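File shown: entry-v6.cif (mmCIF, C-alpha atoms).
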data_my_file
#
loop_
_atom_site.label_atom_id
_atom_site.label_comp_id
_atom_site.auth_asym_id
_atom_site.auth_seq_id
_atom_site.Cartn_x
_atom_site.Cartn_y
_atom_site.Cartn_z
CA MET A 278 -95.03 -1.20 -14.74
CA THR A 279 -95.96 2.31 -13.58
CA MET A 280 -98.86 3.57 -11.51
CA ASN A 281 -100.50 4.72 -14.76
CA ASP A 282 -100.29 1.15 -16.06
CA LEU A 283 -101.87 -0.11 -12.86
CA TYR A 284 -104.69 2.39 -13.26
CA ASP A 285 -105.14 1.86 -17.01
CA GLY A 286 -108.75 0.84 -16.46
CA GLY A 287 -109.43 4.12 -14.71
CA VAL A 288 -108.95 5.08 -11.08
CA ASP A 289 -112.46 4.05 -10.18
CA ALA A 290 -111.96 0.61 -11.70
CA LEU A 291 -109.18 -0.32 -9.28
CA LYS A 292 -109.29 -0.08 -5.52
CA LEU A 293 -105.87 -0.26 -3.90
CA ARG A 294 -105.40 -1.12 -0.25
CA LEU A 295 -102.31 -1.24 1.93
CA PRO A 296 -103.12 -4.09 4.32
CA ALA A 297 -102.33 -3.74 7.99
CA GLU A 298 -99.07 -5.41 8.89
CA TRP A 299 -100.74 -8.15 10.94
CA GLU A 300 -102.76 -9.25 7.88
CA MET A 301 -99.69 -10.23 5.86
CA GLY A 302 -98.88 -13.89 6.44
CA GLY A 303 -96.79 -14.74 3.39
CA GLY A 304 -93.46 -14.29 5.08
CA VAL A 305 -90.72 -11.86 6.02
CA ILE A 306 -87.72 -10.50 4.11
CA LEU A 307 -84.51 -9.62 5.94
CA ALA A 308 -80.89 -9.00 4.94
CA TRP A 309 -77.76 -10.75 6.17
CA PRO A 310 -75.06 -8.53 7.75
CA HIS A 311 -71.78 -8.86 5.84
CA PRO A 312 -68.28 -7.32 6.01
CA GLU A 313 -69.08 -4.58 3.46
CA THR A 314 -71.71 -3.10 5.76
CA ASP A 315 -71.39 -0.87 8.82
CA TRP A 316 -71.75 -4.07 10.87
CA ASN A 317 -68.22 -5.18 10.01
CA TYR A 318 -66.79 -4.25 13.42
CA MET A 319 -69.41 -6.32 15.27
CA LEU A 320 -70.44 -9.07 12.86
CA ASP A 321 -70.56 -11.86 15.43
CA ASP A 322 -72.93 -9.95 17.71
CA VAL A 323 -75.33 -8.80 15.02
CA ARG A 324 -75.35 -12.14 13.23
CA ALA A 325 -76.28 -13.91 16.45
CA CYS A 326 -79.26 -11.54 16.75
CA VAL A 327 -80.31 -12.07 13.11
CA VAL A 328 -80.04 -15.85 13.45
CA GLU A 329 -82.32 -15.68 16.49
CA MET A 330 -84.79 -13.61 14.46
CA ILE A 331 -84.70 -16.05 11.52
CA HIS A 332 -85.35 -19.06 13.73
CA ALA A 333 -88.11 -17.27 15.65
CA ILE A 334 -89.90 -16.02 12.52
CA SER A 335 -89.58 -19.37 10.71
CA ARG A 336 -91.54 -21.06 13.50
CA TRP A 337 -94.55 -19.15 12.19
CA THR A 338 -93.94 -18.24 8.55
CA ARG A 339 -91.39 -18.15 5.72
CA VAL A 340 -88.22 -16.08 5.71
CA VAL A 341 -86.36 -14.73 2.67
CA VAL A 342 -82.72 -13.89 3.46
CA LEU A 343 -80.98 -11.39 1.17
CA ALA A 344 -77.21 -11.89 1.01
CA PRO A 345 -74.33 -11.16 -1.40
CA ASP A 346 -72.99 -14.67 -0.73
CA ILE A 347 -75.80 -17.06 0.09
CA ALA A 348 -73.50 -20.04 0.63
CA ALA A 349 -71.70 -18.17 3.41
CA ALA A 350 -75.01 -17.01 4.89
CA ARG A 351 -76.35 -20.58 4.94
CA ARG A 352 -73.28 -21.76 6.82
CA GLU A 353 -73.61 -19.01 9.42
CA ILE A 354 -77.34 -19.49 9.93
CA GLY A 355 -76.93 -23.21 10.45
CA THR A 356 -79.90 -25.50 10.87
CA ALA A 357 -82.95 -23.97 9.27
CA ASP A 358 -86.07 -25.53 7.79
CA PRO A 359 -85.54 -25.46 3.98
CA GLU A 360 -89.31 -25.28 3.57
CA LYS A 361 -89.35 -22.08 5.59
CA VAL A 362 -86.01 -20.30 4.99
CA PHE A 363 -85.09 -19.18 1.47
CA PHE A 364 -82.11 -17.23 0.15
CA PHE A 365 -81.77 -14.58 -2.56
CA GLU A 366 -78.33 -13.50 -3.70
CA THR A 367 -77.95 -9.75 -4.11
CA PRO A 368 -75.49 -7.03 -3.08
CA THR A 369 -76.71 -4.81 -0.24
CA ASN A 370 -75.44 -1.66 1.40
CA ASP A 371 -77.10 -2.42 4.72
CA THR A 372 -79.67 -4.59 6.45
CA TRP A 373 -82.68 -2.30 6.96
CA THR A 374 -85.08 -4.05 4.57
CA ARG A 375 -88.07 -2.26 6.10
CA ASP A 376 -86.98 0.82 4.20
CA TYR A 377 -86.04 -0.61 0.80
CA GLY A 378 -88.06 -3.80 0.49
CA PRO A 379 -91.24 -4.06 -1.62
CA LEU A 380 -94.40 -2.50 -0.22
CA SER A 381 -97.36 -4.77 -0.97
CA VAL A 382 -100.75 -3.37 -1.99
CA GLU A 383 -103.90 -5.42 -2.46
CA LEU A 384 -105.86 -4.93 -5.68
CA SER A 385 -109.61 -5.05 -6.06
CA ASP A 386 -109.55 -8.68 -7.23
CA GLY A 387 -107.67 -9.82 -4.12
CA SER A 388 -104.30 -10.16 -5.86
CA PHE A 389 -101.24 -8.13 -4.91
CA ALA A 390 -98.75 -5.78 -6.50
CA ALA A 391 -95.37 -4.66 -5.14
CA LEU A 392 -94.57 -0.95 -5.10
CA ASP A 393 -90.89 -0.14 -5.66
CA PHE A 394 -90.16 3.31 -4.23
CA ARG A 395 -86.83 5.09 -4.42
CA PHE A 396 -84.65 4.65 -1.36
CA ASN A 397 -81.99 7.35 -1.02
CA GLY A 398 -80.39 6.44 2.30
CA TRP A 399 -82.83 8.35 4.56
CA GLY A 400 -82.44 11.67 2.81
CA LEU A 401 -78.92 11.18 1.35
CA LYS A 402 -77.32 10.34 4.70
CA PHE A 403 -75.89 6.95 3.68
CA ALA A 404 -75.03 4.99 0.54
CA ALA A 405 -78.03 3.21 -0.96
CA CYS A 406 -76.92 2.27 -4.48
CA HIS A 407 -77.44 -1.47 -3.92
CA ASP A 408 -80.38 -1.34 -1.53
CA ASN A 409 -82.41 0.83 -3.89
CA LEU A 410 -82.15 -1.88 -6.58
CA VAL A 411 -83.11 -4.89 -4.44
CA THR A 412 -86.84 -4.94 -5.28
CA GLY A 413 -86.07 -4.61 -8.99
CA ARG A 414 -83.59 -7.49 -8.79
CA MET A 415 -86.14 -9.64 -6.98
CA SER A 416 -88.65 -8.86 -9.73
CA ARG A 417 -86.31 -9.56 -12.66
CA SER A 418 -85.23 -12.85 -11.10
CA GLY A 419 -88.84 -14.01 -10.94
CA LEU A 420 -88.84 -14.19 -7.15
CA ILE A 421 -91.62 -11.60 -7.06
CA GLY A 422 -94.34 -13.28 -9.06
CA SER A 423 -96.78 -10.36 -8.85
CA PRO A 424 -96.71 -7.09 -10.79
CA VAL A 425 -94.03 -4.66 -9.62
CA VAL A 426 -94.92 -1.00 -9.93
CA ASN A 427 -92.05 1.43 -10.55
CA CYS A 428 -92.45 4.29 -8.06
CA GLN A 429 -88.84 5.44 -8.27
CA ASP A 430 -89.85 9.06 -8.84
CA PHE A 431 -90.91 9.23 -5.18
CA VAL A 432 -88.73 8.66 -2.12
CA LEU A 433 -90.41 6.58 0.58
CA GLU A 434 -89.25 4.18 3.27
CA GLY A 435 -91.51 1.47 4.63
CA GLY A 436 -90.69 2.48 8.20
CA GLY A 437 -92.06 5.93 7.46
CA ILE A 438 -95.70 4.89 7.07
CA GLU A 439 -98.28 2.89 9.01
CA SER A 440 -101.58 1.49 7.70
CA ASP A 441 -104.59 0.25 9.65
CA GLY A 442 -105.75 -1.69 6.57
CA ASN A 443 -109.02 0.26 6.47
CA GLY A 444 -108.11 3.46 4.66
CA LEU A 445 -105.98 5.21 7.29
CA LEU A 446 -102.29 5.97 7.07
CA MET A 447 -100.11 7.46 9.80
CA THR A 448 -96.79 9.22 9.35
CA THR A 449 -94.64 12.09 10.62
CA SER A 450 -94.11 15.51 9.08
CA GLU A 451 -90.43 15.44 10.03
CA CYS A 452 -89.79 12.42 7.83
CA GLN A 453 -92.05 12.97 4.83
CA CYS A 454 -91.31 16.69 4.50
CA SER A 455 -87.54 16.27 4.78
CA PRO A 456 -85.94 18.48 2.10
CA ASN A 457 -83.70 15.63 0.93
CA ARG A 458 -86.53 13.25 0.12
CA ASN A 459 -89.09 14.85 -2.18
CA PRO A 460 -88.07 18.52 -2.29
CA VAL A 461 -90.32 19.49 -5.21
CA LEU A 462 -93.45 18.55 -3.26
CA ASP A 463 -95.04 20.36 -0.33
CA ARG A 464 -96.97 18.50 2.34
CA ASP A 465 -100.22 18.61 0.37
CA GLY A 466 -98.45 17.19 -2.65
CA ILE A 467 -96.87 14.43 -0.59
CA GLU A 468 -100.23 13.59 0.99
CA LYS A 469 -101.87 13.34 -2.43
CA ARG A 470 -99.19 10.93 -3.62
CA LEU A 471 -99.40 8.76 -0.50
CA LEU A 472 -103.19 8.54 -0.64
CA GLY A 473 -103.01 7.58 -4.31
CA TYR A 474 -100.29 4.98 -3.94
CA PHE A 475 -102.06 3.16 -1.14
CA GLY A 476 -105.73 3.79 -1.87
CA ALA A 477 -106.12 5.49 1.51
CA GLU A 478 -108.72 8.05 2.54
CA LYS A 479 -106.95 9.93 5.32
CA ILE A 480 -103.51 10.48 6.80
CA ILE A 481 -102.85 11.10 10.48
CA TRP A 482 -99.87 13.45 10.50
CA LEU A 483 -97.79 13.64 13.67
CA ASN A 484 -95.86 16.88 14.03
CA HIS A 485 -94.17 15.94 17.30
CA GLY A 486 -92.11 13.04 18.59
CA TYR A 487 -88.50 12.04 18.03
CA LEU A 488 -85.84 9.74 19.44
CA ALA A 489 -82.26 10.84 20.00
CA GLY A 490 -79.85 9.07 17.66
CA ASP A 491 -82.52 8.32 15.05
CA ASP A 492 -81.09 8.65 11.52
CA THR A 493 -84.50 8.36 9.84
CA ASP A 494 -85.98 11.78 10.69
CA SER A 495 -88.58 10.28 13.03
CA HIS A 496 -89.90 7.22 11.27
CA ILE A 497 -93.37 6.44 12.51
CA ASP A 498 -92.36 2.85 13.34
CA THR A 499 -90.22 4.14 16.20
CA LEU A 500 -93.03 6.24 17.67
CA ALA A 501 -96.61 5.09 17.01
CA ARG A 502 -98.14 1.96 15.47
CA PHE A 503 -101.60 0.76 14.56
CA ALA A 504 -103.05 -2.37 16.17
CA PRO A 505 -106.39 -4.19 15.74
CA GLY A 506 -109.54 -2.74 17.25
CA ASN A 507 -108.99 0.92 16.33
CA THR A 508 -105.91 0.99 18.54
CA ILE A 509 -102.68 2.97 18.38
CA ILE A 510 -99.66 1.84 20.39
CA PHE A 511 -97.19 4.63 21.05
CA THR A 512 -93.93 5.45 22.78
CA GLY A 513 -94.52 7.48 25.94
CA CYS A 514 -92.36 9.31 28.44
CA ASP A 515 -93.21 10.28 32.02
CA ASP A 516 -89.80 11.52 33.13
CA PRO A 517 -89.55 15.33 32.92
CA SER A 518 -85.76 15.06 33.14
CA ASP A 519 -85.58 12.96 29.95
CA GLU A 520 -84.75 14.91 26.78
CA HIS A 521 -87.71 13.31 25.00
CA PHE A 522 -90.32 14.33 27.56
CA SER A 523 -91.77 17.45 25.92
CA GLU A 524 -91.88 16.05 22.40
CA LEU A 525 -93.38 12.71 23.37
CA GLN A 526 -95.95 14.40 25.58
CA ALA A 527 -96.89 16.64 22.64
CA MET A 528 -97.13 13.61 20.38
CA GLU A 529 -99.41 11.88 22.88
CA ALA A 530 -101.67 14.93 22.84
CA GLU A 531 -101.82 14.74 19.04
CA LEU A 532 -102.82 11.09 19.23
CA ARG A 533 -105.55 11.87 21.74
CA ASP A 534 -106.94 14.45 19.32
CA ALA A 535 -106.71 12.12 16.30
CA ARG A 536 -109.88 10.59 14.88
CA ASP A 537 -110.58 7.61 12.64
CA LEU A 538 -112.63 7.76 9.44
CA SER A 539 -115.89 7.69 11.38
CA GLY A 540 -114.79 10.50 13.69
CA LYS A 541 -114.11 8.29 16.70
CA PRO A 542 -111.01 8.61 18.90
CA PHE A 543 -108.51 5.78 19.03
CA ASN A 544 -107.86 3.38 21.85
CA LEU A 545 -104.37 4.35 22.98
CA ILE A 546 -101.81 2.05 24.57
CA ARG A 547 -98.63 3.64 25.88
CA LEU A 548 -95.35 1.76 25.72
CA PRO A 549 -92.58 2.65 28.15
CA LEU A 550 -89.48 4.39 26.86
CA PRO A 551 -86.43 2.16 27.44
CA ASP A 552 -83.78 3.50 29.78
CA ALA A 553 -81.12 5.42 27.89
CA ILE A 554 -78.62 3.31 25.92
CA TYR A 555 -75.42 4.95 24.66
CA ASP A 556 -72.83 4.01 22.06
CA GLU A 557 -69.06 3.99 22.48
CA ASP A 558 -68.92 7.74 21.83
CA GLY A 559 -71.55 8.59 24.40
CA GLU A 560 -74.31 9.20 21.83
CA ARG A 561 -77.78 8.14 22.91
CA LEU A 562 -79.28 5.40 20.75
CA PRO A 563 -82.94 5.31 19.59
CA ALA A 564 -84.14 2.31 21.59
CA THR A 565 -87.91 1.84 21.34
CA TYR A 566 -90.42 -0.93 21.93
CA ALA A 567 -92.62 0.44 19.14
CA ASN A 568 -90.28 -1.20 16.63
CA PHE A 569 -92.10 -4.54 16.86
CA LEU A 570 -93.13 -6.83 13.99
CA ALA A 571 -96.80 -7.88 13.96
CA LEU A 572 -97.57 -11.06 12.03
CA PRO A 573 -100.96 -12.80 11.84
CA GLU A 574 -100.16 -15.30 14.61
CA VAL A 575 -97.33 -13.74 16.59
CA VAL A 576 -95.73 -10.43 17.53
CA LEU A 577 -91.95 -10.21 17.69
CA MET A 578 -90.76 -7.39 19.91
CA PRO A 579 -87.33 -5.93 20.63
CA VAL A 580 -85.98 -6.00 24.17
CA TYR A 581 -82.91 -4.29 25.56
CA GLY A 582 -81.82 -6.13 28.70
CA GLN A 583 -84.09 -4.04 30.95
CA PRO A 584 -86.26 -6.72 32.61
CA LYS A 585 -88.97 -4.52 34.15
CA LYS A 586 -89.54 -2.32 31.12
CA ASP A 587 -89.06 -5.20 28.67
CA GLU A 588 -91.78 -7.17 30.46
CA LEU A 589 -94.13 -4.20 30.75
CA ALA A 590 -93.84 -3.60 27.01
CA ARG A 591 -94.47 -7.29 26.32
CA GLN A 592 -97.64 -7.16 28.41
CA MET A 593 -98.85 -4.05 26.56
CA LEU A 594 -98.39 -5.76 23.19
CA GLN A 595 -100.10 -8.89 24.50
CA ILE A 596 -103.10 -6.77 25.47
CA ALA A 597 -103.18 -5.09 22.06
CA PHE A 598 -102.82 -8.17 19.84
CA HIS A 599 -104.18 -11.06 21.97
CA GLN A 600 -101.56 -13.46 20.62
CA PRO A 601 -98.08 -14.73 21.52
CA VAL A 602 -95.39 -12.06 21.91
CA VAL A 603 -91.82 -13.29 21.35
CA ALA A 604 -88.99 -11.15 22.72
CA ILE A 605 -85.75 -10.76 20.74
CA ASP A 606 -82.70 -9.19 22.37
CA CYS A 607 -81.93 -6.26 20.05
CA ARG A 608 -79.05 -4.65 21.92
CA ALA A 609 -76.82 -5.50 18.97
CA LEU A 610 -79.18 -3.91 16.42
CA ILE A 611 -79.58 -0.67 18.35
CA ARG A 612 -75.83 -0.07 18.14
CA GLN A 613 -76.41 0.80 14.47
CA HIS A 614 -79.45 2.95 15.35
CA GLY A 615 -82.17 0.49 14.32
CA SER A 616 -84.17 -2.37 15.76
CA LEU A 617 -86.35 -5.36 14.93
CA HIS A 618 -89.01 -3.80 12.71
CA CYS A 619 -86.36 -1.88 10.77
CA MET A 620 -84.66 -5.20 9.94
CA THR A 621 -87.76 -6.87 8.48
CA MET A 622 -90.30 -6.44 5.68
CA GLN A 623 -93.38 -8.66 5.67
CA PHE A 624 -95.18 -9.74 2.49
CA PRO A 625 -98.58 -11.34 1.83
CA ASP A 626 -99.36 -14.78 0.46
CA GLY A 627 -99.19 -14.72 -3.31
CA LEU A 628 -96.66 -11.92 -3.72
CA LEU A 629 -93.61 -14.12 -4.20
CA SER A 630 -93.37 -16.99 -6.67
CA PHE A 631 -92.71 -19.84 -4.21
#

Will you turn the file into structure tokens for me?
Amino acid sequence: MTMNDLYDGGVDALKLRLPAEWEMGGGVILAWPHPETDWNYMLDDVRACVVEMIHAISRWTRVVVLAPDIAAARREIGTADPEKVFFFETPTNDTWTRDYGPLSVELSDGSFAALDFRFNGWGLKFAACHDNLVTGRMSRSGLIGSPVVNCQDFVLEGGGIESDGNGLLMTTSECQCSPNRNPVLDRDGIEKRLLGYFGAEKIIWLNHGYLAGDDTDSHIDTLARFAPGNTIIFTGCDDPSDEHFSELQAMEAELRDARDLSGKPFNLIRLPLPDAIYDEDGERLPATYANFLALPEVVLMPVYGQPKKDELARQMLQIAFHQPVVAIDCRALIRQHGSLHCMTMQFPDGLLSF
């Protein structure tokens, strides 16, 4: 199915909506780290983190684990509720399902469709030949029971966009206007496509903000996130000696100037910037508390072994969402330049066939 097929009754006959993340209670998709990924040198550490995530998420909702060998993955994961944890066998290049998993849009009749965008390894930086095909494989297998819309003529990663569920999207110019994503389109052309795909009315574009060591060209899910009550949670920096200070201060100014569809400013909640974490080569890693996963009944947040800042971030998310906040130690994930939200893709009830 293409977007034209979806709109075959006319654009006005179909109202698309990209729900806010915290509305989607069907479950979460994540991928199992295996020896053919960049995790090979630290499989034990990263698998321990993923197992913790699976058990935490499955307390609240279903989990779909993508793996090239599901029997091996089952053995590693150990005790898991078979009514909550499901497996789908597929080859993968990596584990960042946020960026290649299906993006779920709600149709005017309350049903859902999955949009399958092209994933090209964050602008041709990394191999993506298997990851780009995962949504299609899930569809052909019957696991996705809803219509799947082929959007493979447009490069988009799920971590590159945010939705408030009410017609607003948020993204960064650095990511969407990267020359290795959609080079034939200028920013106006990209905006038109994004508004059409998701039935949105307005995009908040951030022109500032970055994290050292980020391979994604400033994905919005590392910097600023929507929350209920016309709220934006963002990564801040108060240390003038930190390399991020100027850019994050400029981003905060942009957020203060931003307005919702009615012209009102947003309620802003600033998250602390974790203390610098470095890899074995001395490269700073893109640790951020903004990379949380918001589900209808719980928020899962990454922590980095920094008790004061970890706890402050947890309190900020508790204030924003008014529900339990579960901390997951993501020091293993950050070693490959990602974190908790990058590892997961939520889906709504009714999208999958189980």

Result set, the PyMOL selection byres ((chain A and resi 494) around 12) on current file, as a PyMOL selection string: chain A and resi 398-402+434+436-437+448-458+484-493+495-500+563+614

Test item: residues at most 10 Å from Ala349 (chain A), all atoms listed in the file, excluding those fewer than 4 positions along its chain, as a list of chain:residue names: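 Near neighbours after the sequence-gap exclusion: A:Trp309, A:His311, A:Ala344, A:Pro345, A:Glu353, A:Ile354.
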
Output check: residues returned by the PyMOL selection byres ((chain A and resi 469-482) around 9), as number ranges by chain: A: 280, 292-295, 382-383, 392, 428, 431, 440, 442-450, 464-468, 483-484, 531-532, 535-538

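Distance-wise, CA of Gln526 (chain A) and CA of Cys514 (chain A) end up 6.9 Å apart.
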
Contacts of Trp373 (chain A) within 9 Å, all atoms listed in the file, excl. fewer than 4 positions in-chain, as a ChimeraX atom specification: /A:307-308,377-378,408,615-616,618-622

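Taking CA of Ala501 (chain A) and CA of Glu529 (chain A) as the two end points, the separation is 9.4 Å.
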
Residue contacts of Pro424 (chain A) (8 Å, only C-alpha atoms) excluding same-chain residues fewer than 4 positions away, as a PyMOL selection string: chain A and resi 278+389-391

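A straight line drawn from CA of Ile554 (chain A) to CA of Ile510 (chain A) is 21.8 Å long.
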
Residue nearest Pro505 (chain A) - candidates A:Asp393, A:Asp441, A:Asp282, A:Glu524, atoms counted: all atoms listed in the file: A:Asp441

All residues 10 Å or closer to Phe394 (chain A), all atoms listed in the file, same chain fewer than 3 positions away omitted, as number ranges by chain: A: 376-380, 391, 397, 409-410, 412, 426-435

Please provide the set of residues having any atom within 7 Å of region 336-339 of chain A, restricted to only C-alpha atoms, with same-chain residues fewer than 3 positions apart removed, written as a compact mmCIF listing (two decimals) with C-alpha atoms, keeping the file's coordinate frame.
# COMPACT_ATOMS: atom_id res chain seq x y z
CA GLY A 302 -98.88 -13.89 6.44
CA GLY A 303 -96.79 -14.74 3.39
CA GLY A 304 -93.46 -14.29 5.08
CA VAL A 305 -90.72 -11.86 6.02
CA HIS A 332 -85.35 -19.06 13.73
CA ALA A 333 -88.11 -17.27 15.65
CA LYS A 361 -89.35 -22.08 5.59
CA VAL A 362 -86.01 -20.30 4.99

Residue among A:Met330, A:Ala564, A:Ile306, A:Leu384 lying closest to Met415 (chain A), counting only C-alpha atoms: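 The closest residue to Met415 (chain A) is A:Ile306.
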
Residue nearest Asp587 (chain A) among A:Thr508, A:Ile605, A:Leu420, A:Gln613 (counting all atoms listed in the file):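 Among A:Thr508, A:Ile605, A:Leu420, A:Gln613, it is A:Ile605 that comes nearest to Asp587 (chain A).
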
Using only C-alpha atoms: which of A:Pro296, A:Ile509, A:Gln592, A:Asp321 has the shortest distance to Pro542 (chain A):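 Ranking A:Pro296, A:Ile509, A:Gln592, A:Asp321 by distance to Pro542 (chain A), first place goes to A:Ile509.
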
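Distance annotation: of A:Met578, A:Ala404, A:Ile421, A:Ala350, the residue with the minimal separation from Gly627 (chain A) is A:Ile421; atom set is only C-alpha atoms.
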